[in-house]
2 protein chains.
Amino acid sequence: MSDYKIKFYKCDCNVIHEEIVNMVKGKMPPEENLYNLAELFKAFGDTTRMRILWALAESEMCVCDIAVLSNMTVSAISHQLRVLKQARLVKYRKDGKIVYYSLDDEHILSSTMG
Amino acid sequence: MSDYKIKFYKCDCNVIHEEIVNMVKGKMPPEENLYNLAELFKAFGDTTRMRILWALAESEMCVCDIAVLSNMTVSAISHQLRVLKQARLVKYRKDGKIVYYSLDDEHILSSTMG
DNA sequence: ATAACATATGAACAAATATTCATATGTTAA
DNA sequence: TTAACATATGAATATTTGTTCATATGTTAT
């Protein structure tokens with residue numbers, strides 16, 4: 001009875017509903033999945049990136065165009081495009097010295113952003 | 001010809017495709033909408049909050065239970081629940097000294113999180 | 001080759017955020 | 001009423017993140 005608490009020594013409270021906690025624990029996805037999903041949402045969680053994505057939903061655009069549209073520096077846009085690229089939300093193609101960005105997976109975006 | 005550039009003096013580049021920029025600009029949602037949408041995604045963009053939401057998708061839980069499940073302090077969980085509450089993703093009911101949290105809008109969550 | 005340009009990138013800085021710690025509030029039990 | 005408890009909250013701290021600045025890379029035009 002007193003060693004009941006000891007199972008949860010890392011928490012600063014008593015378990016109120018052990019059955020529910022165990023049931024829910026059994027249904028939780030692996031930590032890595034939670035992390036990856038949160039990272040994906042994080043990519044959408046910034047006004048600048050949201051603006052870029054919305055713009056690219058209309059048309060492929062080069063970095064300079066996106067900067068003008070956003071009224072921000074090319075450098076700032078380039079940094080954010082890297083984040084979006086790492087999240088696989090945008091892809092790019094090069095044409096000479098110009099780099100054109102577009103949505104990477106139109107399917108994910110159209111179902112997520114409506 | 002030279003005053004063409006001057007329209008975009010706030011950017012450190014030349015407009016490559018003015019037509020596209022203007023077309024896209026006309027289709028962009030108001031800044032406030034972009035901001036609000038980004039804020040919503042931001043609420044999902046943290047592993048701790050994602051874990052809480054996933055847990056609450058299984059069952060209503062009290063703060064202490066969530067802390068045990070998450071292996072985090074009650075205080076940390078309470079702070080994050082406040083963020084989720086402000087984003088209207090969770091709601092709560094009080095029963096004595098225990099506060100039970102649950103998903104606020106099952107519809108939004110089920111369509112967003114699958 | 002050199003200059004001009006589009007973009008990328010690393011470092012520095014500023015701002016936002018997550019967690020901890022101490023403490024406050026409100027409820028139940030003694 | 002006092003003690004124990006569940007939760008909330010403000011301040012402090014540590015970490016993360018967004019932007020700027022300087023500079024690098026690679027391409028085109030001269």
# chains A, B, ... in the order shown; residues from 1 in each chain; ligands from 1

$ calpha_fit_and_write --fixed "chain B" --moving "chain A" --output "compact mmCIF listing (two decimals) with N, CA and C atoms, in the first residue's frame"
# COMPACT_ATOMS: atom_id res chain seq x y z
N MET A 1 11.26 53.31 -65.62
CA MET A 1 12.04 52.08 -65.64
C MET A 1 12.93 51.96 -64.42
N SER A 2 13.53 53.09 -64.02
CA SER A 2 14.36 53.03 -62.81
C SER A 2 13.49 53.20 -61.56
N ASP A 3 12.35 53.85 -61.69
CA ASP A 3 11.47 53.98 -60.54
C ASP A 3 10.59 52.73 -60.38
N TYR A 4 10.80 51.77 -61.22
CA TYR A 4 10.10 50.50 -61.10
C TYR A 4 10.54 49.77 -59.84
N LYS A 5 11.83 49.83 -59.62
CA LYS A 5 12.36 49.17 -58.42
C LYS A 5 11.89 49.83 -57.13
N ILE A 6 11.66 51.13 -57.22
CA ILE A 6 11.47 51.90 -56.00
C ILE A 6 10.22 51.48 -55.22
N LYS A 7 9.29 50.85 -55.91
CA LYS A 7 8.10 50.37 -55.25
C LYS A 7 8.42 49.34 -54.17
N PHE A 8 9.54 48.67 -54.35
CA PHE A 8 9.85 47.56 -53.46
C PHE A 8 11.11 47.83 -52.66
N TYR A 9 11.28 49.10 -52.28
CA TYR A 9 12.53 49.51 -51.66
C TYR A 9 12.82 48.79 -50.35
N LYS A 10 11.83 48.16 -49.77
CA LYS A 10 12.07 47.50 -48.49
C LYS A 10 12.74 46.15 -48.65
N CYS A 11 12.86 45.68 -49.87
CA CYS A 11 13.47 44.37 -50.12
C CYS A 11 14.85 44.56 -50.72
N ASP A 12 15.74 43.61 -50.47
CA ASP A 12 17.11 43.73 -50.95
C ASP A 12 17.33 42.98 -52.27
N CYS A 13 16.29 42.90 -53.08
CA CYS A 13 16.44 42.25 -54.38
C CYS A 13 15.49 42.88 -55.37
N ASN A 14 15.62 42.51 -56.65
CA ASN A 14 14.70 43.00 -57.67
C ASN A 14 13.55 42.02 -57.80
N VAL A 15 12.41 42.53 -58.16
CA VAL A 15 11.30 41.61 -58.41
C VAL A 15 11.56 40.88 -59.71
N ILE A 16 11.56 39.60 -59.64
CA ILE A 16 11.80 38.84 -60.86
C ILE A 16 10.50 38.68 -61.66
N HIS A 17 9.45 38.36 -60.95
CA HIS A 17 8.18 38.10 -61.64
C HIS A 17 7.07 38.91 -60.98
N GLU A 18 6.96 40.15 -61.44
CA GLU A 18 6.03 41.07 -60.79
C GLU A 18 4.59 40.62 -60.92
N GLU A 19 4.26 40.05 -62.06
CA GLU A 19 2.88 39.61 -62.28
C GLU A 19 2.47 38.56 -61.26
N ILE A 20 3.35 37.60 -61.06
CA ILE A 20 3.04 36.52 -60.12
C ILE A 20 2.92 37.07 -58.71
N VAL A 21 3.86 37.96 -58.36
CA VAL A 21 3.80 38.52 -57.01
C VAL A 21 2.48 39.24 -56.79
N ASN A 22 2.05 40.03 -57.76
CA ASN A 22 0.81 40.77 -57.59
C ASN A 22 -0.40 39.83 -57.55
N MET A 23 -0.36 38.82 -58.38
CA MET A 23 -1.47 37.87 -58.38
C MET A 23 -1.57 37.17 -57.03
N VAL A 24 -0.42 36.68 -56.55
CA VAL A 24 -0.41 35.97 -55.27
C VAL A 24 -0.81 36.91 -54.14
N LYS A 25 -0.27 38.13 -54.19
CA LYS A 25 -0.59 39.12 -53.16
C LYS A 25 -2.10 39.30 -53.05
N GLY A 26 -2.76 39.33 -54.18
CA GLY A 26 -4.21 39.52 -54.18
C GLY A 26 -4.98 38.36 -53.58
N LYS A 27 -4.33 37.20 -53.53
CA LYS A 27 -5.04 36.03 -53.01
C LYS A 27 -4.65 35.67 -51.59
N MET A 28 -3.73 36.45 -51.01
CA MET A 28 -3.29 36.13 -49.64
C MET A 28 -4.36 36.49 -48.62
N PRO A 29 -4.51 35.65 -47.60
CA PRO A 29 -5.45 36.00 -46.52
C PRO A 29 -4.88 37.15 -45.70
N PRO A 30 -5.73 37.82 -44.92
CA PRO A 30 -5.24 38.92 -44.07
C PRO A 30 -4.18 38.43 -43.10
N GLU A 31 -3.28 39.32 -42.77
CA GLU A 31 -2.18 38.98 -41.84
C GLU A 31 -2.71 38.32 -40.57
N GLU A 32 -3.80 38.85 -40.06
CA GLU A 32 -4.32 38.33 -38.80
C GLU A 32 -4.71 36.86 -38.92
N ASN A 33 -5.27 36.49 -40.05
CA ASN A 33 -5.64 35.09 -40.25
C ASN A 33 -4.40 34.20 -40.30
N LEU A 34 -3.36 34.67 -41.00
CA LEU A 34 -2.12 33.90 -41.06
C LEU A 34 -1.56 33.72 -39.65
N TYR A 35 -1.60 34.80 -38.89
CA TYR A 35 -1.09 34.75 -37.52
C TYR A 35 -1.88 33.76 -36.67
N ASN A 36 -3.19 33.85 -36.75
CA ASN A 36 -4.02 32.95 -35.94
C ASN A 36 -3.83 31.50 -36.31
N LEU A 37 -3.72 31.25 -37.60
CA LEU A 37 -3.52 29.88 -38.04
C LEU A 37 -2.18 29.35 -37.56
N ALA A 38 -1.15 30.18 -37.68
CA ALA A 38 0.17 29.77 -37.21
C ALA A 38 0.15 29.51 -35.71
N GLU A 39 -0.57 30.33 -34.97
CA GLU A 39 -0.67 30.14 -33.52
C GLU A 39 -1.33 28.80 -33.20
N LEU A 40 -2.35 28.46 -33.96
CA LEU A 40 -3.03 27.18 -33.75
C LEU A 40 -2.06 26.02 -33.96
N PHE A 41 -1.33 26.07 -35.06
CA PHE A 41 -0.38 25.01 -35.33
C PHE A 41 0.72 24.97 -34.28
N LYS A 42 1.09 26.14 -33.80
CA LYS A 42 2.13 26.21 -32.78
C LYS A 42 1.72 25.43 -31.53
N ALA A 43 0.43 25.47 -31.23
CA ALA A 43 -0.06 24.75 -30.05
C ALA A 43 0.17 23.25 -30.19
N PHE A 44 0.14 22.75 -31.41
CA PHE A 44 0.41 21.33 -31.67
C PHE A 44 1.91 21.05 -31.79
N GLY A 45 2.70 22.09 -31.87
CA GLY A 45 4.09 21.94 -32.23
C GLY A 45 5.04 21.75 -31.06
N ASP A 46 4.64 20.94 -30.11
CA ASP A 46 5.51 20.64 -28.97
C ASP A 46 5.19 19.24 -28.49
N THR A 47 6.22 18.46 -28.22
CA THR A 47 6.01 17.05 -27.88
C THR A 47 5.15 16.87 -26.63
N THR A 48 5.40 17.70 -25.63
CA THR A 48 4.62 17.60 -24.39
C THR A 48 3.13 17.83 -24.66
N ARG A 49 2.84 18.89 -25.40
CA ARG A 49 1.43 19.17 -25.68
C ARG A 49 0.82 18.12 -26.59
N MET A 50 1.60 17.64 -27.54
CA MET A 50 1.09 16.58 -28.42
C MET A 50 0.74 15.34 -27.59
N ARG A 51 1.59 15.02 -26.63
CA ARG A 51 1.36 13.87 -25.77
C ARG A 51 0.08 14.06 -24.95
N ILE A 52 -0.08 15.26 -24.42
CA ILE A 52 -1.29 15.55 -23.64
C ILE A 52 -2.54 15.38 -24.51
N LEU A 53 -2.49 15.96 -25.70
CA LEU A 53 -3.67 15.89 -26.57
C LEU A 53 -3.99 14.45 -26.94
N TRP A 54 -2.95 13.69 -27.22
CA TRP A 54 -3.16 12.30 -27.59
C TRP A 54 -3.78 11.53 -26.41
N ALA A 55 -3.29 11.83 -25.23
CA ALA A 55 -3.83 11.17 -24.04
C ALA A 55 -5.30 11.53 -23.84
N LEU A 56 -5.59 12.83 -23.97
CA LEU A 56 -6.98 13.27 -23.76
C LEU A 56 -7.91 12.76 -24.85
N ALA A 57 -7.33 12.38 -25.98
CA ALA A 57 -8.16 11.78 -27.03
C ALA A 57 -8.67 10.42 -26.58
N GLU A 58 -7.96 9.81 -25.63
CA GLU A 58 -8.39 8.51 -25.10
C GLU A 58 -9.38 8.67 -23.96
N SER A 59 -9.08 9.65 -23.09
CA SER A 59 -9.93 9.79 -21.91
C SER A 59 -9.72 11.15 -21.26
N GLU A 60 -10.76 11.65 -20.70
CA GLU A 60 -10.65 12.79 -19.79
C GLU A 60 -9.67 12.42 -18.68
N MET A 61 -8.83 13.36 -18.28
CA MET A 61 -7.85 13.08 -17.23
C MET A 61 -7.64 14.30 -16.35
N CYS A 62 -7.27 14.04 -15.08
CA CYS A 62 -6.94 15.16 -14.21
C CYS A 62 -5.47 15.52 -14.38
N VAL A 63 -5.10 16.68 -13.88
CA VAL A 63 -3.74 17.20 -14.07
C VAL A 63 -2.70 16.23 -13.54
N CYS A 64 -2.99 15.67 -12.37
CA CYS A 64 -2.03 14.75 -11.75
C CYS A 64 -1.82 13.51 -12.61
N ASP A 65 -2.92 12.97 -13.13
CA ASP A 65 -2.82 11.80 -14.00
C ASP A 65 -1.96 12.09 -15.22
N ILE A 66 -2.19 13.24 -15.81
CA ILE A 66 -1.43 13.62 -17.01
C ILE A 66 0.05 13.75 -16.67
N ALA A 67 0.33 14.29 -15.49
CA ALA A 67 1.72 14.44 -15.07
C ALA A 67 2.39 13.08 -14.90
N VAL A 68 1.67 12.14 -14.29
CA VAL A 68 2.22 10.79 -14.11
C VAL A 68 2.45 10.14 -15.46
N LEU A 69 1.44 10.21 -16.30
CA LEU A 69 1.56 9.63 -17.64
C LEU A 69 2.74 10.20 -18.40
N SER A 70 2.95 11.51 -18.26
CA SER A 70 4.00 12.19 -19.02
C SER A 70 5.35 12.14 -18.32
N ASN A 71 5.34 11.66 -17.09
CA ASN A 71 6.55 11.66 -16.29
C ASN A 71 7.14 13.07 -16.16
N MET A 72 6.25 14.01 -15.89
CA MET A 72 6.67 15.40 -15.73
C MET A 72 6.01 15.97 -14.48
N THR A 73 6.47 17.14 -14.05
CA THR A 73 5.89 17.74 -12.86
C THR A 73 4.49 18.27 -13.14
N VAL A 74 3.69 18.34 -12.09
CA VAL A 74 2.35 18.89 -12.21
C VAL A 74 2.42 20.33 -12.71
N SER A 75 3.40 21.06 -12.24
CA SER A 75 3.53 22.46 -12.64
C SER A 75 3.77 22.59 -14.15
N ALA A 76 4.68 21.81 -14.66
CA ALA A 76 4.98 21.88 -16.09
C ALA A 76 3.73 21.54 -16.90
N ILE A 77 3.01 20.51 -16.46
CA ILE A 77 1.79 20.12 -17.17
C ILE A 77 0.75 21.23 -17.09
N SER A 78 0.63 21.81 -15.92
CA SER A 78 -0.35 22.87 -15.73
C SER A 78 -0.08 24.05 -16.67
N HIS A 79 1.19 24.40 -16.79
CA HIS A 79 1.54 25.48 -17.72
C HIS A 79 1.15 25.14 -19.16
N GLN A 80 1.43 23.92 -19.56
CA GLN A 80 1.11 23.53 -20.94
C GLN A 80 -0.39 23.42 -21.15
N LEU A 81 -1.11 23.00 -20.12
CA LEU A 81 -2.56 22.94 -20.25
C LEU A 81 -3.14 24.34 -20.46
N ARG A 82 -2.49 25.30 -19.86
CA ARG A 82 -2.94 26.68 -20.07
C ARG A 82 -2.80 27.09 -21.53
N VAL A 83 -1.67 26.71 -22.14
CA VAL A 83 -1.47 27.01 -23.55
C VAL A 83 -2.55 26.34 -24.40
N LEU A 84 -2.83 25.09 -24.09
CA LEU A 84 -3.84 24.36 -24.85
C LEU A 84 -5.23 24.94 -24.64
N LYS A 85 -5.45 25.42 -23.42
CA LYS A 85 -6.74 26.02 -23.10
C LYS A 85 -6.92 27.32 -23.88
N GLN A 86 -5.83 28.12 -23.93
CA GLN A 86 -5.90 29.38 -24.67
C GLN A 86 -6.12 29.14 -26.16
N ALA A 87 -5.61 28.03 -26.65
CA ALA A 87 -5.80 27.69 -28.06
C ALA A 87 -7.15 27.01 -28.28
N ARG A 88 -7.93 26.90 -27.20
CA ARG A 88 -9.24 26.26 -27.25
C ARG A 88 -9.17 24.81 -27.71
N LEU A 89 -8.09 24.16 -27.39
CA LEU A 89 -7.97 22.75 -27.77
C LEU A 89 -8.43 21.84 -26.65
N VAL A 90 -8.39 22.32 -25.42
CA VAL A 90 -8.90 21.53 -24.30
C VAL A 90 -9.87 22.36 -23.47
N LYS A 91 -10.72 21.66 -22.76
CA LYS A 91 -11.62 22.33 -21.82
C LYS A 91 -11.49 21.59 -20.48
N TYR A 92 -12.09 22.12 -19.43
CA TYR A 92 -11.94 21.46 -18.14
C TYR A 92 -13.24 21.55 -17.35
N ARG A 93 -13.34 20.65 -16.40
CA ARG A 93 -14.44 20.73 -15.44
C ARG A 93 -13.83 20.47 -14.07
N LYS A 94 -14.39 21.10 -13.05
CA LYS A 94 -13.86 20.93 -11.70
C LYS A 94 -14.76 20.01 -10.91
N ASP A 95 -14.13 19.14 -10.13
CA ASP A 95 -14.87 18.28 -9.22
C ASP A 95 -14.13 18.33 -7.89
N GLY A 96 -14.59 19.20 -7.00
CA GLY A 96 -13.86 19.42 -5.77
C GLY A 96 -12.52 20.05 -6.08
N LYS A 97 -11.47 19.46 -5.53
CA LYS A 97 -10.17 20.06 -5.80
C LYS A 97 -9.51 19.48 -7.04
N ILE A 98 -10.17 18.52 -7.65
CA ILE A 98 -9.61 17.91 -8.86
C ILE A 98 -10.16 18.60 -10.10
N VAL A 99 -9.27 18.85 -11.08
CA VAL A 99 -9.68 19.47 -12.34
C VAL A 99 -9.49 18.47 -13.46
N TYR A 100 -10.55 18.16 -14.15
CA TYR A 100 -10.49 17.19 -15.25
C TYR A 100 -10.42 17.92 -16.58
N TYR A 101 -9.43 17.55 -17.37
CA TYR A 101 -9.28 18.15 -18.70
C TYR A 101 -9.73 17.16 -19.76
N SER A 102 -10.26 17.71 -20.85
CA SER A 102 -10.65 16.88 -21.99
C SER A 102 -10.50 17.72 -23.26
N LEU A 103 -10.58 17.05 -24.41
CA LEU A 103 -10.47 17.78 -25.67
C LEU A 103 -11.65 18.73 -25.79
N ASP A 104 -11.37 19.92 -26.27
CA ASP A 104 -12.44 20.92 -26.37
C ASP A 104 -13.30 20.68 -27.60
N ASP A 105 -12.65 20.43 -28.71
CA ASP A 105 -13.42 20.26 -29.94
C ASP A 105 -12.98 18.97 -30.61
N GLU A 106 -13.68 17.93 -30.31
CA GLU A 106 -13.30 16.62 -30.82
C GLU A 106 -13.30 16.62 -32.35
N HIS A 107 -14.12 17.44 -32.90
CA HIS A 107 -14.19 17.47 -34.36
C HIS A 107 -12.88 17.95 -34.97
N ILE A 108 -12.41 19.11 -34.54
CA ILE A 108 -11.15 19.64 -35.05
C ILE A 108 -10.02 18.64 -34.84
N LEU A 109 -9.98 18.06 -33.66
CA LEU A 109 -8.88 17.16 -33.36
C LEU A 109 -8.93 15.90 -34.20
N SER A 110 -10.10 15.33 -34.36
CA SER A 110 -10.15 14.07 -35.10
C SER A 110 -9.84 14.30 -36.58
N SER A 111 -10.20 15.46 -37.10
CA SER A 111 -9.89 15.69 -38.51
C SER A 111 -8.45 16.11 -38.70
N THR A 112 -7.86 16.72 -37.68
CA THR A 112 -6.49 17.18 -37.82
C THR A 112 -5.48 16.09 -37.48
N MET A 113 -5.81 15.32 -36.45
CA MET A 113 -4.84 14.33 -35.99
C MET A 113 -5.14 12.93 -36.53
N GLY A 114 -6.18 12.79 -37.27
CA GLY A 114 -6.46 11.48 -37.89
C GLY A 114 -7.09 10.51 -36.93

$ select_by_dssp --residues "chain B" --states "helix (DSSP H, G or I)" --output "number ranges by chain"
B: 5-8, 18-27, 31-44, 47-58, 63-70, 74-86, 106-113

$ residues_around --residues "DA30 in chain C" --least-positions-apart "6" --cutoff "10 Å" --atoms "only C-alpha atoms (C1' of nucleotides)" --output "JSON, numbers by chain"
{"D": [2, 3, 4]}

$ write_last_selection --atoms "C-alpha atoms (C1' of nucleotides)" --output "PDB file, in the first residue's frame"
ATOM      1  C1'  DT D   2      -5.635  22.946  10.900  1.00  0.00           C
ATOM      2  C1'  DA D   3      -3.283  19.832   7.869  1.00  0.00           C
ATOM      3  C1'  DA D   4      -2.931  17.639   3.582  1.00  0.00           C
TER       4       DA D   4
END

$ residues_around --residues "DA22 in chain D" --least-positions-apart "2" --cutoff "12 Å" --atoms "only C-alpha atoms (C1' of nucleotides)" --output "VMD selection string"
(chain A and resid 75) or (chain C and resid 9 to 12) or (chain D and resid 20 24)

$ write_last_selection --atoms "C-alpha atoms (C1' of nucleotides)" --output "mmCIF file, in the first residue's frame"
data_model
loop_
_atom_site.group_PDB
_atom_site.id
_atom_site.type_symbol
_atom_site.label_atom_id
_atom_site.label_comp_id
_atom_site.auth_asym_id
_atom_site.auth_seq_id
_atom_site.Cartn_x
_atom_site.Cartn_y
_atom_site.Cartn_z
ATOM 1 C CA SER A 75 18.103 36.119 -46.115
ATOM 2 C "C1'" DT C 9 24.793 29.994 -44.631
ATOM 3 C "C1'" DG C 10 27.213 30.774 -40.108
ATOM 4 C "C1'" DA C 11 27.542 33.746 -36.237
ATOM 5 C "C1'" DA C 12 25.484 37.168 -33.355
ATOM 6 C "C1'" DT D 20 20.000 40.487 -39.154
ATOM 7 C "C1'" DA D 24 30.306 32.514 -49.196
#

$ interface_residues --of "chain C" --to "chain A" --cutoff "12 Å" --atoms "only C-alpha atoms (C1' of nucleotides)" --output "CSV table (one decimal) with N, CA, C and O atoms (P, O5', C5', C4', C3', O3' and C1' of nucleotides), in the first residue's frame"
chain,number,residue,atom,x,y,z
C,4,DA,P,29.9,45.8,-60.6
C,4,DA,O5',28.6,44.9,-60.9
C,4,DA,C5',28.0,44.7,-62.2
C,4,DA,C4',26.9,43.8,-62.1
C,4,DA,C3',26.0,44.0,-60.9
C,4,DA,O3',24.6,43.9,-61.3
C,4,DA,C1',26.7,41.7,-60.9
C,5,DC,P,23.4,44.3,-60.3
C,5,DC,O5',22.8,42.8,-60.0
C,5,DC,C5',22.5,42.0,-61.0
C,5,DC,C4',22.3,40.6,-60.5
C,5,DC,C3',21.4,40.4,-59.3
C,5,DC,O3',20.3,39.7,-59.7
C,5,DC,C1',23.3,39.1,-59.1
C,6,DA,P,19.1,39.6,-58.6
C,6,DA,O5',19.1,38.1,-58.2
C,6,DA,C5',19.0,37.0,-59.2
C,6,DA,C4',19.0,35.7,-58.5
C,6,DA,C3',18.1,35.6,-57.3
C,6,DA,O3',17.4,34.4,-57.3
C,6,DA,C1',20.4,35.2,-56.7
C,7,DT,P,16.4,34.0,-56.1
C,7,DT,O5',17.4,33.3,-55.1
C,7,DT,C5',18.1,32.1,-55.5
C,7,DT,C4',19.1,31.7,-54.5
C,7,DT,C3',18.5,31.4,-53.1
C,7,DT,O3',18.6,30.0,-53.0
C,7,DT,C1',20.6,32.5,-53.1
C,8,DA,P,18.3,29.3,-51.6
C,8,DA,O5',19.7,29.2,-50.9
C,8,DA,C5',20.8,28.6,-51.5
C,8,DA,C4',22.0,28.5,-50.6
C,8,DA,C3',21.6,28.0,-49.2
C,8,DA,O3',22.6,27.1,-48.8
C,8,DA,C1',22.7,30.1,-49.0
C,9,DT,P,22.5,26.2,-47.6
C,9,DT,O5',23.4,26.9,-46.5
C,9,DT,C5',24.8,27.3,-46.9
C,9,DT,C4',25.4,28.1,-45.8
C,9,DT,C3',25.0,27.7,-44.4
C,9,DT,O3',26.1,27.6,-43.6
C,9,DT,C1',24.8,30.0,-44.6
C,10,DG,P,26.2,26.6,-42.4
C,10,DG,O5',27.2,27.3,-41.3
C,10,DG,C5',28.4,28.0,-41.8
C,10,DG,C4',28.7,29.1,-40.9
C,10,DG,C3',28.4,28.9,-39.4
C,10,DG,O3',29.5,29.4,-38.6
C,10,DG,C1',27.2,30.8,-40.1
C,16,DA,P,8.7,38.6,-28.5
C,16,DA,O5',8.6,37.1,-28.4
C,16,DA,C5',8.7,36.3,-29.6
C,16,DA,C4',8.8,34.8,-29.2
C,16,DA,C3',7.7,34.3,-28.3
C,16,DA,O3',7.2,33.1,-28.9
C,16,DA,C1',9.8,33.8,-27.4

$ select_by_dssp --residues "chain B" --states "strand (DSSP E or B)" --output "ChimeraX atom specification"
/B:61-62,90-95,98-103

$ write_last_selection --atoms "N, CA, C and O atoms" --output "mmCIF file, in the first residue's frame"
data_model
loop_
_atom_site.group_PDB
_atom_site.id
_atom_site.type_symbol
_atom_site.label_atom_id
_atom_site.label_comp_id
_atom_site.auth_asym_id
_atom_site.auth_seq_id
_atom_site.Cartn_x
_atom_site.Cartn_y
_atom_site.Cartn_z
ATOM 1 N N MET B 61 -8.754 13.243 -18.288
ATOM 2 C CA MET B 61 -7.773 12.953 -17.230
ATOM 3 C C MET B 61 -7.572 14.168 -16.330
ATOM 4 O O MET B 61 -7.714 15.312 -16.772
ATOM 5 N N CYS B 62 -7.192 13.894 -15.074
ATOM 6 C CA CYS B 62 -6.879 14.998 -14.182
ATOM 7 C C CYS B 62 -5.411 15.383 -14.369
ATOM 8 O O CYS B 62 -4.625 14.643 -14.966
ATOM 9 N N VAL B 90 -8.468 22.295 -25.313
ATOM 10 C CA VAL B 90 -8.953 21.478 -24.196
ATOM 11 C C VAL B 90 -9.931 22.292 -23.353
ATOM 12 O O VAL B 90 -9.911 23.527 -23.370
ATOM 13 N N LYS B 91 -10.777 21.565 -22.643
ATOM 14 C CA LYS B 91 -11.673 22.204 -21.677
ATOM 15 C C LYS B 91 -11.521 21.451 -20.362
ATOM 16 O O LYS B 91 -10.836 20.423 -20.320
ATOM 17 N N TYR B 92 -12.128 21.967 -19.301
ATOM 18 C CA TYR B 92 -11.979 21.278 -18.019
ATOM 19 C C TYR B 92 -13.276 21.339 -17.230
ATOM 20 O O TYR B 92 -14.149 22.166 -17.491
ATOM 21 N N ARG B 93 -13.358 20.424 -16.264
ATOM 22 C CA ARG B 93 -14.451 20.475 -15.295
ATOM 23 C C ARG B 93 -13.836 20.201 -13.936
ATOM 24 O O ARG B 93 -12.866 19.463 -13.817
ATOM 25 N N LYS B 94 -14.402 20.815 -12.903
ATOM 26 C CA LYS B 94 -13.857 20.637 -11.562
ATOM 27 C C LYS B 94 -14.736 19.687 -10.771
ATOM 28 O O LYS B 94 -15.961 19.755 -10.845
ATOM 29 N N ASP B 95 -14.100 18.800 -10.027
ATOM 30 C CA ASP B 95 -14.826 17.923 -9.120
ATOM 31 C C ASP B 95 -14.064 17.964 -7.803
ATOM 32 O O ASP B 95 -13.066 17.274 -7.637
ATOM 33 N N ILE B 98 -10.090 18.205 -7.589
ATOM 34 C CA ILE B 98 -9.541 17.617 -8.802
ATOM 35 C C ILE B 98 -10.104 18.321 -10.033
ATOM 36 O O ILE B 98 -11.292 18.632 -10.097
ATOM 37 N N VAL B 99 -9.226 18.607 -11.004
ATOM 38 C CA VAL B 99 -9.661 19.239 -12.251
ATOM 39 C C VAL B 99 -9.450 18.264 -13.394
ATOM 40 O O VAL B 99 -8.335 17.778 -13.608
ATOM 41 N N TYR B 100 -10.518 17.955 -14.090
ATOM 42 C CA TYR B 100 -10.447 17.002 -15.196
ATOM 43 C C TYR B 100 -10.393 17.747 -16.521
ATOM 44 O O TYR B 100 -11.234 18.595 -16.795
ATOM 45 N N TYR B 101 -9.407 17.400 -17.317
ATOM 46 C CA TYR B 101 -9.279 18.008 -18.641
ATOM 47 C C TYR B 101 -9.724 17.038 -19.710
ATOM 48 O O TYR B 101 -9.560 15.813 -19.577
ATOM 49 N N SER B 102 -10.269 17.605 -20.791
ATOM 50 C CA SER B 102 -10.647 16.788 -21.942
ATOM 51 C C SER B 102 -10.521 17.633 -23.192
ATOM 52 O O SER B 102 -10.358 18.846 -23.115
ATOM 53 N N LEU B 103 -10.587 16.992 -24.338
ATOM 54 C CA LEU B 103 -10.493 17.736 -25.594
ATOM 55 C C LEU B 103 -11.689 18.665 -25.709
ATOM 56 O O LEU B 103 -12.812 18.295 -25.386
#
